[in-house]
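As provided, data12.cif (mmCIF, C-alpha atoms and all ligand atoms) reads as follows.
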```
data_entry
loop_
_atom_site.label_atom_id
_atom_site.label_comp_id
_atom_site.auth_asym_id
_atom_site.auth_seq_id
_atom_site.Cartn_x
_atom_site.Cartn_y
_atom_site.Cartn_z
CA MET D 1 101.61 -138.60 -198.87
CA THR D 2 99.27 -140.08 -201.46
CA ASP D 3 98.75 -143.50 -202.95
CA LYS D 4 97.38 -142.04 -206.19
CA ILE D 5 98.34 -144.09 -209.26
CA VAL D 6 98.27 -142.20 -212.55
CA THR D 7 98.39 -142.71 -216.31
CA ALA D 8 100.87 -140.99 -218.62
CA GLU D 9 98.19 -138.52 -219.71
CA GLU D 10 97.30 -137.60 -216.12
CA MET D 11 100.99 -137.14 -215.27
CA ARG D 12 101.53 -134.94 -218.32
CA HIS D 13 98.50 -132.86 -217.31
CA TYR D 14 99.82 -132.37 -213.76
CA ASP D 15 103.33 -131.54 -215.01
CA SER D 16 101.93 -129.09 -217.54
CA TYR D 17 99.69 -127.37 -214.96
CA THR D 18 102.58 -127.11 -212.49
CA ILE D 19 104.87 -125.61 -215.12
CA ASN D 20 102.54 -123.46 -217.19
CA THR D 21 99.90 -122.35 -214.70
CA ILE D 22 101.63 -122.40 -211.33
CA GLY D 23 104.93 -121.32 -212.84
CA ILE D 24 107.45 -123.78 -211.42
CA PRO D 25 110.00 -124.05 -214.26
CA SER D 26 110.36 -127.53 -215.78
CA PHE D 27 114.05 -127.35 -215.02
CA VAL D 28 113.26 -127.13 -211.30
CA LEU D 29 111.12 -130.27 -211.53
CA MET D 30 113.90 -132.01 -213.46
CA GLU D 31 116.48 -131.11 -210.82
CA ARG D 32 114.20 -132.36 -208.04
CA ALA D 33 113.63 -135.58 -209.96
CA ALA D 34 117.37 -136.03 -210.38
CA LEU D 35 118.04 -135.30 -206.70
CA ALA D 36 115.53 -138.00 -205.71
CA VAL D 37 117.28 -140.59 -207.88
CA ARG D 38 120.71 -139.54 -206.65
CA ASP D 39 119.56 -139.91 -203.04
CA GLU D 40 118.09 -143.35 -203.67
CA ILE D 41 121.29 -144.52 -205.38
CA LEU D 42 123.61 -143.18 -202.69
CA HIS D 43 121.53 -144.59 -199.85
CA ALA D 44 120.40 -147.94 -201.28
CA PHE D 45 123.41 -149.01 -203.36
CA PRO D 46 126.63 -147.71 -201.77
CA ILE D 47 128.48 -150.92 -202.62
CA ALA D 48 127.60 -150.65 -206.36
CA LEU D 49 129.05 -147.19 -206.94
CA LYS D 50 132.41 -148.16 -208.45
CA ASP D 51 131.51 -147.56 -212.10
CA VAL D 52 128.15 -145.97 -212.87
CA VAL D 53 126.80 -145.67 -216.42
CA VAL D 54 123.80 -143.44 -217.14
CA VAL D 55 122.01 -144.50 -220.34
CA ALA D 56 120.34 -141.37 -221.69
CA GLY D 57 117.66 -141.12 -224.39
CA SER D 58 116.91 -137.85 -226.17
CA GLY D 59 113.78 -136.69 -224.33
CA ASN D 60 113.29 -135.35 -220.82
CA ASN D 61 113.82 -138.79 -219.30
CA GLY D 62 117.32 -138.59 -220.80
CA GLY D 63 117.59 -135.03 -219.46
CA ASP D 64 116.85 -136.40 -215.98
CA GLY D 65 119.57 -138.97 -216.54
CA ILE D 66 122.20 -136.39 -217.47
CA ALA D 67 121.29 -134.33 -214.39
CA ILE D 68 121.64 -137.51 -212.28
CA ALA D 69 125.08 -138.09 -213.84
CA ARG D 70 126.12 -134.56 -212.85
CA LEU D 71 124.88 -134.97 -209.28
CA LEU D 72 126.69 -138.30 -208.88
CA HIS D 73 129.85 -136.81 -210.43
CA ILE D 74 129.69 -133.94 -207.91
CA ALA D 75 129.30 -136.55 -205.15
CA GLY D 76 132.60 -138.10 -206.27
CA VAL D 77 131.21 -141.12 -208.13
CA ASN D 78 132.92 -142.33 -211.34
CA VAL D 79 130.11 -141.87 -213.86
CA THR D 80 129.88 -142.03 -217.67
CA ILE D 81 126.95 -140.97 -219.85
CA LEU D 82 126.00 -143.45 -222.59
CA ASN D 83 124.04 -141.50 -225.20
CA ILE D 84 121.67 -143.67 -227.20
CA GLY D 85 119.19 -141.02 -228.30
CA ASN D 86 118.76 -139.29 -231.63
CA PRO D 87 120.76 -136.01 -231.47
CA LYS D 88 118.30 -134.42 -233.94
CA HIS D 89 115.37 -134.98 -231.55
CA THR D 90 116.79 -133.83 -228.22
CA SER D 91 114.38 -131.91 -226.00
CA ALA D 92 115.21 -128.35 -224.89
CA GLU D 93 115.81 -129.42 -221.28
CA HIS D 94 118.00 -132.29 -222.46
CA GLN D 95 120.14 -129.89 -224.50
CA ILE D 96 120.69 -127.66 -221.46
CA GLN D 97 121.61 -130.66 -219.33
CA GLU D 98 124.13 -131.74 -222.00
CA LYS D 99 125.71 -128.31 -222.03
CA ILE D 100 126.05 -128.32 -218.23
CA ALA D 101 127.50 -131.85 -218.26
CA HIS D 102 130.16 -130.69 -220.74
CA TYR D 103 131.25 -127.96 -218.34
CA TYR D 104 131.63 -130.60 -215.64
CA GLN D 105 133.65 -132.71 -218.12
CA ILE D 106 131.57 -135.80 -217.43
CA PRO D 107 132.76 -138.58 -219.76
CA GLU D 108 130.34 -139.46 -222.57
CA THR D 109 130.28 -142.32 -225.02
CA ALA D 110 128.02 -143.97 -227.59
CA ASP D 111 129.74 -147.35 -227.22
CA LEU D 112 127.45 -149.97 -225.67
CA THR D 113 130.40 -152.08 -224.48
CA ILE D 114 130.84 -149.66 -221.57
CA LEU D 115 127.83 -151.43 -220.03
CA ASN D 116 130.00 -154.51 -219.45
CA THR D 117 132.14 -152.56 -216.96
CA ALA D 118 129.23 -150.98 -215.08
CA THR D 119 128.51 -151.80 -211.45
CA LEU D 120 125.34 -149.67 -211.51
CA ILE D 121 123.31 -148.58 -214.54
CA VAL D 122 120.85 -145.70 -214.52
CA ASP D 123 118.17 -146.35 -217.15
CA ALA D 124 117.09 -142.94 -218.50
CA MET D 125 116.13 -143.90 -222.06
CA PHE D 126 112.34 -143.55 -222.02
CA GLY D 127 109.88 -142.51 -219.32
CA ILE D 128 106.22 -141.65 -219.72
CA GLY D 129 106.88 -140.42 -223.28
CA ILE D 130 107.38 -143.84 -224.88
CA ASP D 131 104.86 -144.02 -227.71
CA ARG D 132 105.80 -146.95 -229.94
CA PRO D 133 107.53 -150.35 -229.82
CA VAL D 134 111.27 -150.27 -229.17
CA LYS D 135 113.39 -151.43 -232.10
CA GLY D 136 116.91 -151.37 -233.56
CA ALA D 137 119.69 -149.67 -231.61
CA TYR D 138 117.29 -148.83 -228.76
CA ALA D 139 116.32 -152.48 -228.36
CA ASP D 140 120.01 -153.47 -228.53
CA ALA D 141 120.78 -151.04 -225.70
CA ILE D 142 117.96 -152.39 -223.52
CA ASN D 143 119.00 -156.00 -224.13
CA ALA D 144 122.64 -155.11 -223.36
CA ILE D 145 121.56 -153.49 -220.07
CA ASN D 146 119.62 -156.62 -219.12
CA ASP D 147 122.64 -158.83 -219.97
CA THR D 148 124.83 -157.21 -217.31
CA ASP D 149 125.14 -158.12 -213.63
CA ALA D 150 124.89 -154.46 -212.63
CA VAL D 151 122.35 -152.94 -210.28
CA ILE D 152 119.80 -151.21 -212.54
CA VAL D 153 117.98 -148.09 -211.38
CA ALA D 154 115.18 -147.01 -213.73
CA VAL D 155 114.23 -143.33 -213.97
CA ASP D 156 110.45 -142.82 -213.73
CA MET D 157 109.65 -146.01 -215.72
CA PRO D 158 111.72 -149.01 -216.85
CA SER D 159 112.41 -148.15 -220.50
CA GLY D 160 110.16 -150.18 -222.78
CA ILE D 161 107.28 -150.56 -220.29
CA ASN D 162 103.99 -148.95 -221.31
CA THR D 163 103.07 -146.42 -218.61
CA ASP D 164 99.36 -147.20 -218.83
CA THR D 165 99.24 -150.96 -219.38
CA GLY D 166 102.48 -152.34 -217.96
CA GLU D 167 103.03 -154.19 -221.21
CA VAL D 168 106.48 -154.68 -222.72
CA MET D 169 106.74 -152.60 -225.91
CA GLY D 170 109.08 -154.89 -227.84
CA THR D 171 111.69 -155.17 -225.11
CA ALA D 172 112.12 -153.52 -221.72
CA VAL D 173 114.64 -152.91 -218.96
CA ARG D 174 114.44 -155.24 -215.97
CA ALA D 175 115.17 -152.86 -213.12
CA THR D 176 116.39 -153.52 -209.60
CA THR D 177 114.61 -150.36 -208.48
CA THR D 178 112.43 -147.78 -210.23
CA VAL D 179 112.31 -144.25 -208.85
CA THR D 180 109.09 -142.74 -210.21
CA PHE D 181 108.21 -139.07 -209.96
CA ALA D 182 105.33 -137.36 -208.15
CA TYR D 183 102.88 -140.31 -208.34
CA ASN D 184 103.00 -144.04 -208.86
CA LYS D 185 102.19 -145.08 -212.45
CA VAL D 186 99.57 -147.63 -213.53
CA GLY D 187 102.10 -149.55 -215.64
CA LEU D 188 104.37 -150.17 -212.64
CA ASN D 189 101.62 -152.16 -210.98
CA LYS D 190 100.21 -154.49 -213.62
CA ASN D 191 101.22 -157.05 -216.24
CA ASP D 192 104.98 -157.34 -216.85
CA GLY D 193 105.55 -153.81 -215.55
CA LYS D 194 105.14 -155.08 -212.00
CA ASP D 195 108.12 -157.45 -212.34
CA TYR D 196 110.26 -155.25 -214.58
CA ALA D 197 110.02 -152.29 -212.19
CA GLY D 198 111.62 -154.13 -209.26
CA ASN D 199 111.30 -152.13 -206.05
CA VAL D 200 109.23 -149.00 -206.72
CA VAL D 201 110.18 -145.79 -204.93
CA VAL D 202 107.78 -142.87 -205.38
CA ALA D 203 109.53 -139.50 -205.14
CA ASN D 204 106.42 -137.75 -203.85
CA ASP D 205 107.92 -134.43 -202.78
CA MET D 206 108.43 -133.07 -206.30
CA GLY D 207 106.06 -130.15 -205.85
CA THR D 208 103.90 -131.31 -208.76
CA TYR D 209 100.33 -130.04 -208.42
CA ALA D 210 97.53 -132.57 -209.02
CA VAL D 211 94.79 -130.49 -210.60
CA ASP D 212 91.57 -132.04 -212.03
N1 LIG D 301 107.30 -132.90 -217.83
C1 LIG D 301 108.00 -132.57 -216.75
O1 LIG D 301 107.93 -131.49 -216.29
C2 LIG D 301 108.89 -133.50 -216.10
C3 LIG D 301 109.27 -134.67 -216.74
N2 LIG D 301 110.20 -135.44 -216.23
C4 LIG D 301 110.77 -136.54 -216.97
O2 LIG D 301 110.44 -136.43 -218.33
C5 LIG D 301 109.92 -137.69 -218.80
C6 LIG D 301 109.01 -137.43 -219.94
O3 LIG D 301 109.78 -136.77 -220.90
P1 LIG D 301 109.32 -136.72 -222.43
O4 LIG D 301 107.92 -136.27 -222.48
O5 LIG D 301 110.34 -135.92 -223.12
O6 LIG D 301 109.33 -138.23 -222.84
P2 LIG D 301 110.45 -139.38 -222.71
O7 LIG D 301 109.95 -140.37 -221.73
O8 LIG D 301 111.81 -138.81 -222.52
O9 LIG D 301 110.33 -140.06 -224.14
C7 LIG D 301 110.37 -139.25 -225.31
C8 LIG D 301 111.62 -139.51 -226.06
O10 LIG D 301 111.73 -140.89 -226.34
C9 LIG D 301 111.70 -141.10 -227.73
N3 LIG D 301 110.94 -142.30 -227.97
C10 LIG D 301 109.74 -142.64 -227.44
N4 LIG D 301 109.44 -143.91 -227.76
C11 LIG D 301 110.48 -144.38 -228.50
C12 LIG D 301 110.76 -145.61 -229.12
N5 LIG D 301 109.95 -146.67 -229.02
N6 LIG D 301 111.90 -145.75 -229.80
C13 LIG D 301 112.75 -144.71 -229.91
N7 LIG D 301 112.55 -143.50 -229.35
C14 LIG D 301 111.41 -143.35 -228.66
C15 LIG D 301 111.15 -139.86 -228.36
O11 LIG D 301 111.75 -139.77 -229.63
P3 LIG D 301 110.98 -139.12 -230.88
O12 LIG D 301 109.55 -139.58 -230.80
O13 LIG D 301 111.14 -137.65 -230.69
O14 LIG D 301 111.73 -139.70 -232.02
C16 LIG D 301 111.64 -138.80 -227.37
O15 LIG D 301 113.00 -138.46 -227.64
C17 LIG D 301 109.29 -138.29 -217.58
O16 LIG D 301 109.15 -139.68 -217.67
C18 LIG D 301 110.27 -137.88 -216.50
O17 LIG D 301 111.38 -138.77 -216.50
C19 LIG D 301 110.89 -135.07 -215.01
O18 LIG D 301 112.00 -134.31 -215.41
C20 LIG D 301 110.01 -134.28 -214.09
C21 LIG D 301 109.39 -133.13 -214.75
K K D 302 113.63 -144.92 -217.91
#
```
What do you get writing this file as structure tokens?
Amino acid sequence: MTDKIVTAEEMRHYDSYTINTIGIPSFVLMERAALAVRDEILHAFPIALKDVVVVAGSGNNGGDGIAIARLLHIAGVNVTILNIGNPKHTSAEHQIQEKIAHYYQIPETADLTILNTATLIVDAMFGIGIDRPVKGAYADAINAINDTDAVIVAVDMPSGINTDTGEVMGTAVRATTTVTFAYNKVGLNKNDGKDYAGNVVVANDMGTYAVD
């Protein structure tokens, strides 16, 4: 157990060392991340599981989200994936998660109105990889998430919150709970990030190696 609080760069360094030097495949880390979020959802929000929508961006945060959708689907939850990312920019891990989700026949849509029927929303748009202000369709999706009465579980970071400063980058998801991976993040503890994150759960058994 550690109370280490890290920046995006530190987290990327630890992830990279764990994957490239130690040799734990990134897909293993992604599955462990997804299992942690699934467990938190099933244990903390059993009464909000009627209609779950996973909002997935095109990077690895979105890949986590699609894995979470699969794990909830396997657990018998009615879950739909709302894809808001750019299909031309999907990460390798995200593409594999998509392929697996298709085999499981998990419903997918690009229609934001599905958010109005959601009892629980998993925010997997952007994690530590957000690098510019959120605009256009991405901002519309975040604002639509915030306009619902659903429980909102953010994956790693509330989308739109700067991992290092806690500042809102244009607009940001207001989460009920944020499940963050390996270590707490600076941006979950200062400025608006503190409020937008809601209850912060650190999934600290990821196996990520904290090398200097
Ligand atoms: N590394 C690991 O081993 C592990 C990582 N894990 C997970 O991966 C996450 C990090 O993944 P990541 O590095 O792919 O970044 P991520 O947060 O998905 O964002 C990049 C994407 O967002 C996009 N984008 C960014 N800003 C944008 C904007 N304003 N407006 C619009 N688009 C914007 C950007 O688009 P592009 O710049 O390509 O156009 C790209 O598609 C991390 O938080 C954790 O959840 C876990 O699985 C555990 C193991
Ligand atoms: K997120």
Taking all atoms of region 31-35 of chain D that the file lists, what box with edges along x, y and z, padded by 8 Å per side, do you get, with centre and edge lengths in Å to one decimal, as AutoDock Vina command-line options?
```
--center_x 115.8 --center_y -133.6 --center_z -208.8 --size_x 20.4 --size_y 20.9 --size_z 20.1
```
Q: For each of D:Ile106, D:Ile66, D:Leu112, D:Ala141, take the minimum atom-to-atom distance to Asn78 (chain D), counting all atoms listed in the file, then give the residue where this is smallest.
A: D:Ile106
Q. Could you name the residues that touch Leu35 (chain D) at 9 Å or less, counting all atoms listed in the file, but leaving out those on the same chain fewer than 5 positions away, as a list in words?
A. Met30, Glu40, Ala67, Ile68 and Leu71 of chain D
Q: List all protein, DNA and RNA residues that have any atom at most 12 Å from ligand K 302 (chain D), counting only C-alpha atoms and all ligand atoms, and write the list as an MDAnalysis selection string.
A: chainID D and resid 37 54:65 121:130 142 145 152:163 172:175 177:181 188 196:197
Q) Between D:Ala139, D:Leu82, D:Ala203, D:Leu29, which is the closest to ligand LIG 301 (chain D) once you count all atoms listed in the file? A)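 So, comparing all the options, the nearest one is D:Leu29.
Nearest to Thr148 (chain D) of all the residues D:Phe27, D:Thr165, D:Val134, D:Leu120 is D:Leu120, based on all atoms listed in the file.
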Q. Expressed in Å to a single decimal, how great is the separation between CA of Asp192 (chain D) and CA of His43 (chain D)?
A. 26.9 Å
Q: Can you work out which one of D:Thr80, D:Asn199, D:Thr18, D:Asn143 has the shortest atom-to-atom distance to ligand LIG 301 (chain D), counting only C-alpha atoms and all ligand atoms?
A: D:Thr18
Q: Take CA of Lys50 (chain D) and CA of Thr119 (chain D) and report the distance between them in Å, one decimal.
A: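 About the pair CA of Lys50 (chain D) and CA of Thr119 (chain D): they are 6.1 Å apart.
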(Q) One number please: CA of Asp164 (chain D) to CA of Asp39 (chain D), in Å, one decimal. (A) 26.7 Å
Q. Looking at all atoms listed in the file, which of D:Ile24, D:Val6, D:Val202, D:Val77 is the one that sits closest to ligand LIG 301 (chain D)?
A.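 With all atoms listed in the file as the atom set, the closest residue is D:Ile24.
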Q: Kindly indicate which residue among D:Met169, D:Ala92, D:Val201, D:Ala101 lies nearest to Ile74 (chain D), using all atoms listed in the file for the distances.
A: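 Closest to Ile74 (chain D), using all atoms listed in the file: D:Ala101.
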